[in-house]
Amino acid sequence: QLHLVESGGGLVQAGGSLRLSCAGSGRTFSRYFVGWFRQGPGKEREFVATISWSGSRTVYTDSVKDRFTISRDNAKNTVYLQMNSLKPEDTAAYYCAADVSGWGSRLDVPTTPADFDSWGQGTQVTVSS
């Protein structure tokens, strides 16, 4: 089981930017798909983006394409989510997660909460209009 810690959330005006970080413990962090999810008040947790272990494969939900960028630095055991042109509807708690059990066997890119088995505690992003 990995220990994941998110940081970088905060309050920003619409049109602004934030960069979230997800720091993972252990030498094996670089093996895994890592995803970002978000959960707004009264809403279900929804997929935002996923990145493969090497960074060569990324998938985004349609609502953040061309605004958000997921990347990783395996030397630092960290995955980033650069969020630009933020909108009030991006307001949510953002969580990172790792697909530990899928290592070595997963062929597709995981995009649902059930695909991931290690989760961080979340970081709040609030976008004011």
# chains A, B, ... in the order shown; residues from 1 in each chain; ligands from 1

call {"tool": "residues_around", "arguments": {"residues": "Met83 in chain A", "least_positions_apart": "6", "cutoff": "6 Å", "atoms": "only C-alpha atoms", "output": "PyMOL selection string"}}
result
chain A and resi 17-19+68

call {"tool": "residues_around", "arguments": {"residues": "Ser118 in chain A", "least_positions_apart": "3", "cutoff": "6 Å", "atoms": "only C-alpha atoms", "output": "PyMOL selection string"}}
result
chain A and resi 2+97-98

call {"tool": "residues_around", "arguments": {"residues": "Gly104 in chain A", "least_positions_apart": "4", "cutoff": "12 Å", "atoms": "only C-alpha atoms", "output": "MDAnalysis selection string"}}
result
chainID A and resid 31:33 52:53 99:100 108

call {"tool": "write_last_selection", "arguments": {"atoms": "C-alpha atoms", "output": "PDB file, in the first residue's frame"}}
result
ATOM      1  CA  ARG A  31       5.523   1.598 -11.390  1.00  0.00           C
ATOM      2  CA  TYR A  32       1.920   2.635 -11.194  1.00  0.00           C
ATOM      3  CA  PHE A  33      -0.771   4.430 -13.085  1.00  0.00           C
ATOM      4  CA  SER A  52       0.943   5.905 -16.997  1.00  0.00           C
ATOM      5  CA  TRP A  53       4.088   4.914 -15.112  1.00  0.00           C
ATOM      6  CA  ASP A  99      -3.420   1.593  -9.274  1.00  0.00           C
ATOM      7  CA  VAL A 100      -1.172  -0.678  -7.229  1.00  0.00           C
ATOM      8  CA  ASP A 108      -6.038  -0.256 -20.491  1.00  0.00           C
TER       9      ASP A 108
END

call {"tool": "residues_around", "arguments": {"residues": "Ala49 in chain A", "least_positions_apart": "2", "cutoff": "6 Å", "atoms": "only C-alpha atoms", "output": "number ranges by chain"}}
result
A: 35-36, 59-60

call {"tool": "write_last_selection", "arguments": {"atoms": "N, CA, C and O atoms", "output": "CSV table (one decimal), in the first residue's frame"}}
result
chain,number,residue,atom,x,y,z
A,35,GLY,N,-3.9,8.5,-10.9
A,35,GLY,CA,-5.0,9.3,-11.4
A,35,GLY,C,-5.4,10.4,-10.5
A,35,GLY,O,-5.0,10.4,-9.3
A,36,TRP,N,-6.0,11.4,-11.0
A,36,TRP,CA,-6.6,12.5,-10.2
A,36,TRP,C,-8.2,12.4,-10.4
A,36,TRP,O,-8.7,12.2,-11.5
A,59,VAL,N,-4.8,10.3,-20.1
A,59,VAL,CA,-6.2,10.4,-20.4
A,59,VAL,C,-6.9,11.5,-19.6
A,59,VAL,O,-6.5,11.6,-18.4
A,60,TYR,N,-7.8,12.2,-20.2
A,60,TYR,CA,-8.5,13.3,-19.5
A,60,TYR,C,-10.0,13.2,-19.7
A,60,TYR,O,-10.4,12.7,-20.7

call {"tool": "closest_residue", "arguments": {"among": "A:Thr28, A:Gln121, A:Thr111, A:Ser21", "to": "Arg72 in chain A", "atoms": "only C-alpha atoms"}}
result
A:Ser21

call {"tool": "atom_distance", "arguments": {"atom1": "CA of Gly16 in chain A", "atom2": "CA of Ala75 in chain A"}}
result
28.5 Å

call {"tool": "closest_residue", "arguments": {"among": "A:Ser101, A:Gln124, A:Gly26, A:Ala93", "to": "Arg38 in chain A", "atoms": "only C-alpha atoms"}}
result
A:Ala93

call {"tool": "residues_around", "arguments": {"residues": "Glu89 in chain A", "least_positions_apart": "2", "cutoff": "9 Å", "atoms": "only C-alpha atoms", "output": "ChimeraX atom specification"}}
result
/A:40,86-87,91-92,127

call {"tool": "write_last_selection", "arguments": {"atoms": "N, CA, C and O atoms", "output": "PDB file, in the first residue's frame"}}
result
ATOM      1  N   GLY A  40     -17.131  17.268  -5.799  1.00  0.00           N
ATOM      2  CA  GLY A  40     -17.750  18.500  -5.370  1.00  0.00           C
ATOM      3  C   GLY A  40     -18.815  18.230  -4.325  1.00  0.00           C
ATOM      4  O   GLY A  40     -19.227  17.087  -4.122  1.00  0.00           O
ATOM      5  N   LEU A  86      -9.176  28.099 -14.795  1.00  0.00           N
ATOM      6  CA  LEU A  86     -10.100  27.472 -13.853  1.00  0.00           C
ATOM      7  C   LEU A  86     -11.464  28.134 -13.886  1.00  0.00           C
ATOM      8  O   LEU A  86     -11.588  29.353 -14.089  1.00  0.00           O
ATOM      9  N   LYS A  87     -12.478  27.303 -13.664  1.00  0.00           N
ATOM     10  CA  LYS A  87     -13.867  27.741 -13.676  1.00  0.00           C
ATOM     11  C   LYS A  87     -14.503  27.429 -12.317  1.00  0.00           C
ATOM     12  O   LYS A  87     -14.058  26.496 -11.626  1.00  0.00           O
ATOM     13  N   THR A  91     -14.564  23.698  -8.777  1.00  0.00           N
ATOM     14  CA  THR A  91     -14.489  23.660  -7.319  1.00  0.00           C
ATOM     15  C   THR A  91     -14.805  22.262  -6.808  1.00  0.00           C
ATOM     16  O   THR A  91     -15.853  21.690  -7.131  1.00  0.00           O
ATOM     17  N   ALA A  92     -13.893  21.711  -6.021  1.00  0.00           N
ATOM     18  CA  ALA A  92     -14.048  20.340  -5.515  1.00  0.00           C
ATOM     19  C   ALA A  92     -12.863  20.002  -4.625  1.00  0.00           C
ATOM     20  O   ALA A  92     -11.846  20.710  -4.628  1.00  0.00           O
ATOM     21  N   VAL A 127     -12.819  27.804  -6.682  1.00  0.00           N
ATOM     22  CA  VAL A 127     -12.694  28.798  -7.739  1.00  0.00           C
ATOM     23  C   VAL A 127     -13.845  29.773  -7.603  1.00  0.00           C
ATOM     24  O   VAL A 127     -15.015  29.391  -7.701  1.00  0.00           O
TER      25      VAL A 127
END

call {"tool": "residues_around", "arguments": {"residues": "range 4-10 of chain A", "least_positions_apart": "6", "cutoff": "6 Å", "atoms": "only C-alpha atoms", "output": "ChimeraX atom specification"}}
result
/A:19-24,120,122-125

call {"tool": "select_by_dssp", "arguments": {"residues": "chain A", "states": "strand (DSSP E or B)", "output": "PyMOL selection string"}}
result
chain A and resi 4-7+10-13+18-24+34-39+46-51+58-60+68-73+78-83+92-98+118-119+123-128

call {"tool": "residues_around", "arguments": {"residues": "Ser128 in chain A", "least_positions_apart": "6", "cutoff": "6 Å", "atoms": "only C-alpha atoms", "output": "list in words"}}
result
Gln13, Ala14 and Pro88 of chain A

call {"tool": "write_last_selection", "arguments": {"atoms": "N, CA and C atoms", "output": "short mmCIF file (atom, residue, chain, number, x, y, z; two decimals), in the first residue's frame"}}
result
data_model
loop_
_atom_site.label_atom_id
_atom_site.label_comp_id
_atom_site.auth_asym_id
_atom_site.auth_seq_id
_atom_site.Cartn_x
_atom_site.Cartn_y
_atom_site.Cartn_z
N GLN A 13 -9.32 32.84 -8.29
CA GLN A 13 -10.38 33.44 -9.09
C GLN A 13 -10.54 32.70 -10.40
N ALA A 14 -11.73 32.78 -10.96
CA ALA A 14 -11.98 32.17 -12.27
C ALA A 14 -10.97 32.71 -13.29
N PRO A 88 -15.55 28.13 -11.95
CA PRO A 88 -16.22 27.83 -10.68
C PRO A 88 -16.65 26.37 -10.58
#

call {"tool": "closest_residue", "arguments": {"among": "A:Arg27, A:Tyr95, A:Thr78, A:Gly15", "to": "Gln1 in chain A", "atoms": "only C-alpha atoms"}}
result
A:Arg27

call {"tool": "closest_residue", "arguments": {"among": "A:Asp115, A:Ile70, A:Thr61, A:Asn77", "to": "Val48 in chain A", "atoms": "only C-alpha atoms"}}
result
A:Thr61

call {"tool": "select_by_dssp", "arguments": {"residues": "range 34-75 of chain A", "states": "helix (DSSP H, G or I)", "output": "PyMOL selection string"}}
result
chain A and resi 62-64+74-75

call {"tool": "atom_distance", "arguments": {"atom1": "CA of Ala114 in chain A", "atom2": "CA of Asp73 in chain A"}}
result
24.7 Å
